[in-house]
$ cat data-v3.cif   # mmCIF, C-alpha atoms
data_data
loop_
_atom_site.group_PDB
_atom_site.id
_atom_site.type_symbol
_atom_site.label_atom_id
_atom_site.label_comp_id
_atom_site.auth_asym_id
_atom_site.auth_seq_id
_atom_site.Cartn_x
_atom_site.Cartn_y
_atom_site.Cartn_z
ATOM 1 C CA MET A 547 -29.815 13.208 -9.980
ATOM 2 C CA MET A 548 -27.700 14.949 -7.359
ATOM 3 C CA ALA A 549 -25.294 12.025 -7.256
ATOM 4 C CA ALA A 550 -24.946 12.155 -11.035
ATOM 5 C CA LEU A 551 -24.173 15.883 -10.918
ATOM 6 C CA LEU A 552 -21.607 15.373 -8.184
ATOM 7 C CA PHE A 553 -19.990 12.591 -10.177
ATOM 8 C CA ALA A 554 -19.937 14.706 -13.348
ATOM 9 C CA ASP A 555 -18.365 17.499 -11.302
ATOM 10 C CA LYS A 556 -15.698 15.041 -10.117
ATOM 11 C CA LEU A 557 -14.982 13.943 -13.681
ATOM 12 C CA LEU A 558 -14.731 17.534 -14.884
ATOM 13 C CA GLY A 559 -12.445 18.288 -11.964
ATOM 14 C CA LEU A 560 -10.158 15.479 -13.112
ATOM 15 C CA ALA A 561 -10.085 16.641 -16.735
ATOM 16 C CA PRO A 562 -7.159 19.069 -16.282
ATOM 17 C CA LEU A 563 -5.167 16.331 -14.517
ATOM 18 C CA VAL A 564 -5.900 13.854 -17.320
ATOM 19 C CA LEU A 565 -5.010 16.351 -20.045
ATOM 20 C CA THR A 566 -1.865 17.513 -18.271
ATOM 21 C CA LEU A 567 -0.759 13.979 -17.513
ATOM 22 C CA GLY A 568 -1.443 12.839 -21.077
ATOM 23 C CA GLY A 569 0.573 15.783 -22.363
ATOM 24 C CA ASP A 570 3.400 15.103 -19.906
ATOM 25 C CA VAL A 571 3.630 11.444 -20.852
ATOM 26 C CA LEU A 572 3.524 12.105 -24.585
ATOM 27 C CA SER A 573 6.064 14.917 -24.357
ATOM 28 C CA ALA A 574 8.367 12.784 -22.169
ATOM 29 C CA ILE A 575 8.327 10.041 -24.794
ATOM 30 C CA ALA A 576 8.758 12.527 -27.665
ATOM 31 C CA ASN A 577 11.578 14.381 -25.877
ATOM 32 C CA GLY A 578 13.510 11.132 -25.471
ATOM 33 C CA ARG A 579 13.261 10.399 -29.172
ATOM 34 C CA THR A 580 14.197 13.961 -30.118
ATOM 35 C CA ALA A 581 17.215 13.843 -27.812
ATOM 36 C CA LEU A 582 18.280 10.520 -29.286
ATOM 37 C CA GLN A 583 17.908 11.793 -32.877
ATOM 38 C CA LYS A 584 20.060 14.771 -31.921
ATOM 39 C CA MET A 585 22.708 12.472 -30.464
ATOM 40 C CA SER A 586 22.636 10.325 -33.601
ATOM 41 C CA SER A 587 22.988 13.323 -35.909
ATOM 42 C CA GLU A 588 25.876 14.578 -33.776
ATOM 43 C CA LYS A 589 27.314 11.036 -33.771
ATOM 44 C CA ARG A 590 27.707 10.958 -30.008
ATOM 45 C CA ASP A 591 26.480 9.117 -26.936
ATOM 46 C CA PRO A 592 24.527 10.674 -24.069
ATOM 47 C CA THR A 593 26.808 12.932 -22.033
ATOM 48 C CA ASP A 594 27.353 12.529 -18.289
ATOM 49 C CA GLU A 595 25.127 15.576 -17.778
ATOM 50 C CA GLU A 596 22.331 14.033 -19.860
ATOM 51 C CA TRP A 597 22.553 10.774 -17.904
ATOM 52 C CA ALA A 598 22.580 12.722 -14.627
ATOM 53 C CA ALA A 599 19.524 14.770 -15.609
ATOM 54 C CA LEU A 600 17.592 11.654 -16.621
ATOM 55 C CA ASN A 601 18.535 9.812 -13.433
ATOM 56 C CA ALA A 602 17.581 12.818 -11.324
ATOM 57 C CA THR A 603 14.141 12.848 -12.967
ATOM 58 C CA ILE A 604 13.704 9.118 -12.299
ATOM 59 C CA ASP A 605 14.886 9.458 -8.678
ATOM 60 C CA ALA A 606 12.477 12.347 -8.084
ATOM 61 C CA LEU A 607 9.549 10.327 -9.457
ATOM 62 C CA MET A 608 10.585 7.185 -7.531
ATOM 63 C CA ALA A 609 10.663 9.245 -4.324
ATOM 64 C CA GLN A 610 7.004 10.119 -4.873
ATOM 65 C CA LEU A 611 5.898 6.481 -4.949
ATOM 66 C CA LYS A 612 4.164 5.545 -1.708
ATOM 67 C CA GLY A 613 3.985 1.769 -1.699
ATOM 68 C CA MET B 619 -38.237 -13.049 -6.855
ATOM 69 C CA SER B 620 -39.770 -10.293 -8.949
ATOM 70 C CA TRP B 621 -38.592 -9.833 -12.532
ATOM 71 C CA ILE B 622 -40.326 -6.486 -12.826
ATOM 72 C CA VAL B 623 -37.908 -3.598 -12.453
ATOM 73 C CA GLU B 624 -39.450 -0.500 -10.953
ATOM 74 C CA PRO B 625 -38.749 2.787 -12.872
ATOM 75 C CA ALA B 626 -36.729 4.290 -10.012
ATOM 76 C CA GLU B 627 -34.712 1.114 -9.692
ATOM 77 C CA SER B 628 -34.155 1.067 -13.448
ATOM 78 C CA LEU B 629 -32.845 4.643 -13.355
ATOM 79 C CA GLN B 630 -30.504 3.737 -10.511
ATOM 80 C CA ILE B 631 -29.176 0.754 -12.473
ATOM 81 C CA GLU B 632 -28.612 2.969 -15.541
ATOM 82 C CA HIS B 633 -26.863 5.549 -13.391
ATOM 83 C CA ASP B 634 -24.627 2.905 -11.811
ATOM 84 C CA GLN B 635 -23.785 1.479 -15.228
ATOM 85 C CA GLU B 636 -22.953 4.936 -16.581
ATOM 86 C CA ARG B 637 -20.858 5.685 -13.522
ATOM 87 C CA ARG B 638 -18.900 2.446 -13.852
ATOM 88 C CA SER B 639 -18.483 3.078 -17.567
ATOM 89 C CA ASN B 640 -17.161 6.629 -17.006
ATOM 90 C CA ALA B 641 -14.827 5.491 -14.259
ATOM 91 C CA TYR B 642 -13.539 2.646 -16.388
ATOM 92 C CA ALA B 643 -12.972 4.969 -19.360
ATOM 93 C CA LEU B 644 -11.002 7.482 -17.323
ATOM 94 C CA VAL B 645 -8.791 5.002 -15.500
ATOM 95 C CA THR B 646 -8.297 3.020 -18.707
ATOM 96 C CA TYR B 647 -7.189 6.246 -20.407
ATOM 97 C CA LEU B 648 -4.622 6.897 -17.683
ATOM 98 C CA PHE B 649 -3.168 3.450 -17.916
ATOM 99 C CA GLY B 650 -3.634 3.257 -21.656
ATOM 100 C CA LEU B 651 -0.835 5.819 -21.669
ATOM 101 C CA MET B 652 1.313 2.990 -20.357
ATOM 102 C CA LEU B 653 0.756 1.222 -23.665
ATOM 103 C CA LEU B 654 2.619 4.028 -25.393
ATOM 104 C CA VAL B 655 5.575 3.263 -23.170
ATOM 105 C CA VAL B 656 5.451 -0.431 -24.019
ATOM 106 C CA ILE B 657 5.167 0.362 -27.737
ATOM 107 C CA GLY B 658 8.069 2.769 -27.399
ATOM 108 C CA LEU B 659 10.138 0.042 -25.769
ATOM 109 C CA ALA B 660 9.249 -2.366 -28.545
ATOM 110 C CA LEU B 661 10.317 0.165 -31.174
ATOM 111 C CA GLY B 662 13.496 0.941 -29.262
ATOM 112 C CA GLY B 663 15.443 -1.691 -31.177
ATOM 113 C CA CYS B 664 18.173 -4.010 -30.067
ATOM 114 C CA ALA B 665 21.670 -2.961 -29.148
ATOM 115 C CA THR B 666 24.433 -4.418 -31.282
ATOM 116 C CA THR B 667 27.231 -1.926 -30.562
ATOM 117 C CA GLY B 668 28.460 0.070 -27.580
ATOM 118 C CA THR B 669 26.821 3.241 -28.859
ATOM 119 C CA ASP B 670 23.576 1.400 -29.577
ATOM 120 C CA ALA B 671 23.628 -0.015 -26.043
ATOM 121 C CA LYS B 672 24.044 3.448 -24.510
ATOM 122 C CA GLN B 673 21.322 4.964 -26.662
ATOM 123 C CA THR B 674 18.968 2.031 -26.116
ATOM 124 C CA ALA B 675 19.504 2.236 -22.345
ATOM 125 C CA TYR B 676 18.957 6.001 -22.464
ATOM 126 C CA LEU B 677 15.730 5.586 -24.426
ATOM 127 C CA ALA B 678 14.478 2.833 -22.106
ATOM 128 C CA GLU B 679 15.119 5.058 -19.076
ATOM 129 C CA ASN B 680 13.313 7.916 -20.778
ATOM 130 C CA ASP B 681 10.292 5.688 -21.443
ATOM 131 C CA PHE B 682 10.438 4.537 -17.816
ATOM 132 C CA THR B 683 10.041 8.145 -16.649
ATOM 133 C CA ALA B 684 6.856 8.408 -18.728
ATOM 134 C CA ALA B 685 5.483 5.240 -17.094
ATOM 135 C CA LEU B 686 6.494 6.532 -13.661
ATOM 136 C CA GLU B 687 4.531 9.757 -14.216
ATOM 137 C CA VAL B 688 1.338 7.763 -14.677
ATOM 138 C CA ALA B 689 2.122 5.574 -11.640
ATOM 139 C CA VAL B 690 2.786 8.626 -9.456
ATOM 140 C CA ALA B 691 -0.503 10.190 -10.614
ATOM 141 C CA TYR B 692 -2.382 6.984 -9.713
ATOM 142 C CA GLU B 693 -0.756 6.722 -6.292
ATOM 143 C CA ALA B 694 -1.518 10.385 -5.612
ATOM 144 C CA LEU B 695 -5.255 9.683 -5.813
ATOM 145 C CA PRO B 696 -7.043 9.368 -2.442
ATOM 146 C CA THR B 697 -6.891 5.853 -0.996
ATOM 147 C CA CYS B 698 -9.966 3.757 -1.817
ATOM 148 C CA SER B 699 -12.276 3.145 1.143
ATOM 149 C CA ALA B 700 -15.932 2.666 1.979
ATOM 150 C CA THR B 701 -16.441 6.412 1.699
ATOM 151 C CA GLN B 702 -13.839 7.158 -0.967
ATOM 152 C CA LYS B 703 -14.868 5.532 -4.227
ATOM 153 C CA PHE B 704 -13.702 6.462 -7.714
ATOM 154 C CA PRO B 705 -11.379 8.211 -8.284
ATOM 155 C CA CYS B 706 -9.133 6.460 -5.779
ATOM 156 C CA SER B 707 -6.030 4.286 -5.575
ATOM 157 C CA ASP B 708 -6.150 0.730 -4.289
ATOM 158 C CA PRO B 709 -3.461 0.156 -1.595
ATOM 159 C CA ALA B 710 -2.690 -3.371 -2.844
ATOM 160 C CA THR B 711 -2.182 -2.057 -6.380
ATOM 161 C CA VAL B 712 -0.032 0.801 -5.080
ATOM 162 C CA THR B 713 2.238 -1.744 -3.352
ATOM 163 C CA LYS B 714 2.513 -3.812 -6.551
ATOM 164 C CA ILE B 715 3.186 -0.745 -8.720
ATOM 165 C CA THR B 716 5.931 0.493 -6.405
ATOM 166 C CA ALA B 717 7.541 -2.957 -6.203
ATOM 167 C CA GLY B 718 7.426 -3.249 -10.004
ATOM 168 C CA ALA B 719 8.952 0.213 -10.363
ATOM 169 C CA ARG B 720 11.830 -0.697 -8.010
ATOM 170 C CA VAL B 721 12.589 -3.887 -9.960
ATOM 171 C CA ALA B 722 12.551 -1.989 -13.272
ATOM 172 C CA ARG B 723 14.698 0.793 -11.794
ATOM 173 C CA ALA B 724 17.312 -1.711 -10.590
ATOM 174 C CA SER B 725 17.429 -3.457 -13.984
ATOM 175 C CA LEU B 726 17.764 -0.133 -15.784
ATOM 176 C CA ALA B 727 20.572 0.970 -13.474
ATOM 177 C CA THR B 728 22.447 -2.267 -14.184
ATOM 178 C CA ALA B 729 21.912 -1.921 -17.955
ATOM 179 C CA GLU B 730 22.981 1.744 -17.852
ATOM 180 C CA THR B 731 26.149 1.001 -15.880
ATOM 181 C CA ALA B 732 27.111 -1.804 -18.266
ATOM 182 C CA ALA B 733 26.417 0.328 -21.368
ATOM 183 C CA ARG B 734 28.325 3.333 -20.033
ATOM 184 C CA HIS B 735 31.316 1.102 -19.329
ATOM 185 C CA GLY B 736 31.305 -0.115 -22.919
ATOM 186 C CA VAL B 737 29.746 -3.504 -22.176
ATOM 187 C CA THR B 738 27.297 -4.500 -24.895
ATOM 188 C CA SER B 739 24.823 -6.783 -23.197
ATOM 189 C CA PRO B 740 21.573 -7.309 -25.086
ATOM 190 C CA SER B 741 20.362 -9.556 -22.268
ATOM 191 C CA LEU B 742 20.684 -6.786 -19.654
ATOM 192 C CA LEU B 743 18.810 -4.351 -21.882
ATOM 193 C CA ALA B 744 16.201 -6.984 -22.700
ATOM 194 C CA GLN B 745 15.766 -7.672 -18.973
ATOM 195 C CA ALA B 746 15.326 -3.954 -18.236
ATOM 196 C CA LYS B 747 12.740 -3.605 -21.003
ATOM 197 C CA ALA B 748 10.925 -6.709 -19.777
ATOM 198 C CA ASP B 749 10.817 -5.320 -16.224
ATOM 199 C CA ILE B 750 9.410 -2.003 -17.486
ATOM 200 C CA ALA B 751 6.790 -3.946 -19.450
ATOM 201 C CA VAL B 752 5.848 -5.890 -16.282
ATOM 202 C CA PHE B 753 5.655 -2.630 -14.333
ATOM 203 C CA SER B 754 3.396 -1.121 -17.020
ATOM 204 C CA ALA B 755 1.218 -4.253 -17.072
ATOM 205 C CA ILE B 756 0.682 -4.030 -13.286
ATOM 206 C CA ALA B 757 -0.454 -0.434 -13.656
ATOM 207 C CA GLN B 758 -2.715 -1.284 -16.584
ATOM 208 C CA GLY B 759 -4.200 -4.078 -14.485
ATOM 209 C CA ALA B 760 -5.352 -1.441 -12.010
ATOM 210 C CA ALA B 761 -7.848 -0.252 -14.615
ATOM 211 C CA LYS B 762 -9.610 -3.620 -14.702
#

$ encode --input "data-v3.cif" --output "structure tokens"
Amino acid sequence: MMAALLFADKLLGLAPLVLTLGGDVLSAIANGRTALQKMSSEKRDPTDEEWAALNATIDALMAQLKG
Amino acid sequence: MSWIVEPAESLQIEHDQERRSNAYALVTYLFGLMLLVVIGLALGGCATTGTDAKQTAYLAENDFTAALEVAVAYEALPTCSATQKFPCSDPATVTKITAGARVARASLATAETAARHGVTSPSLLAQAKADIAVFSAIAQGAAK
């Protein structure tokens, strides 16, 4: 019984992480599509600044990988 | 061998099954998010012009960041050990995920450079998308 409660507590503790992560992933995907639609409507390609911002985000995430 | 399951033992089995089921559901959810990335890549279309190539590369890189967020979250979990069970990250899987991410990153960088220099190369973009899909599949495999 105690083990079950501890496990449930662990799961509940993870809930914010799961919700935040799910939101982050979905918004990252949606933001990319929104940005692309904007570029299409403005009939332009990604600017150097937009490429730089995207690459900086990727580099920051890659730096967090441990393996 | 006895085929009679004692009540206490039966409860323990049920608890273990529920625990495995909950753990599986949570980790599957995390890596199910990777599926969205793969679907996004599939819907990304094929580049036929310079502008298409740039936008396709941009979109692929954006989807890669979403996949990386899930990978980083997995790797940030405590390392699995005899005392640290779920939730935890398996060191062998962490190594594979990171290696897959580096391959995908290199392919994307090549595709981006080509696209930004006006080179329309569907094969480079296809390779980058394939490497992201492999990376996502490795992470999804961690849930099994």

$ closest_atom_pairs --input "data-v3.cif" --of "chain A" --to "chain B" --cutoff "8 Å" --atoms "all atoms listed in the file" --output "Markdown table"
| residue | atom | partner | partner_atom | distance |
| --- | --- | --- | --- | --- |
| A:Ala550 | CA | B:His633 | CA | 7.3 |
| A:Phe553 | CA | B:Arg637 | CA | 7.7 |
| A:Val564 | CA | B:Leu648 | CA | 7.1 |
| A:Leu567 | CA | B:Val688 | CA | 7.1 |
| A:Gly568 | CA | B:Leu651 | CA | 7.1 |
| A:Asp570 | CA | B:Ala684 | CA | 7.6 |
| A:Val571 | CA | B:Ala684 | CA | 4.9 |
| A:Leu572 | CA | B:Ala684 | CA | 7.7 |
| A:Ala574 | CA | B:Ala684 | CA | 5.8 |
| A:Ile575 | CA | B:Asp681 | CA | 5.8 |
| A:Gly578 | CA | B:Asn680 | CA | 5.7 |
| A:Arg579 | CA | B:Leu677 | CA | 7.2 |
| A:Leu582 | CA | B:Gln673 | CA | 6.9 |
| A:Arg590 | CA | B:Thr669 | CA | 7.9 |
| A:Asp591 | CA | B:Thr669 | CA | 6.2 |
| A:Pro592 | CA | B:Gln673 | CA | 7.0 |
| A:Trp597 | CA | B:Tyr676 | CA | 7.5 |
| A:Leu600 | CA | B:Asn680 | CA | 7.0 |
| A:Thr603 | CA | B:Thr683 | CA | 7.2 |
| A:Ile604 | CA | B:Thr683 | CA | 5.8 |
| A:Leu607 | CA | B:Leu686 | CA | 6.4 |
| A:Met608 | CA | B:Leu686 | CA | 7.4 |
| A:Gln610 | CA | B:Val690 | CA | 6.4 |
| A:Leu611 | CA | B:Val690 | CA | 5.9 |
| A:Lys612 | CA | B:Glu693 | CA | 6.8 |
| A:Gly613 | CA | B:Thr713 | CA | 4.3 |

$ atom_distance --input "data-v3.cif" --atom1 "CA of Ser699 (chain B)" --atom2 "CA of Ala606 (chain A)"
28.0 Å

$ axis_aligned_box --input "data-v3.cif" --around "region 574-591 of chain A" --padding-each-side "6 Å" --output "JSON"
{"center_x": 18.0, "center_y": 11.9, "center_z": -29.0, "size_x": 31.4, "size_y": 17.7, "size_z": 25.7}

$ atom_distance --input "data-v3.cif" --atom1 "CA of Ala729 (chain B)" --atom2 "CA of Leu743 (chain B)"
5.6 Å

$ atom_distance --input "data-v3.cif" --atom1 "CA of Asn577 (chain A)" --atom2 "CA of Asn601 (chain A)"
15.0 Å

$ closest_residue --input "data-v3.cif" --among "A:Asp605, A:Ser586, A:Thr593, A:Ala599" --to "Ala724 (chain B)" --atoms "only C-alpha atoms"
A:Asp605
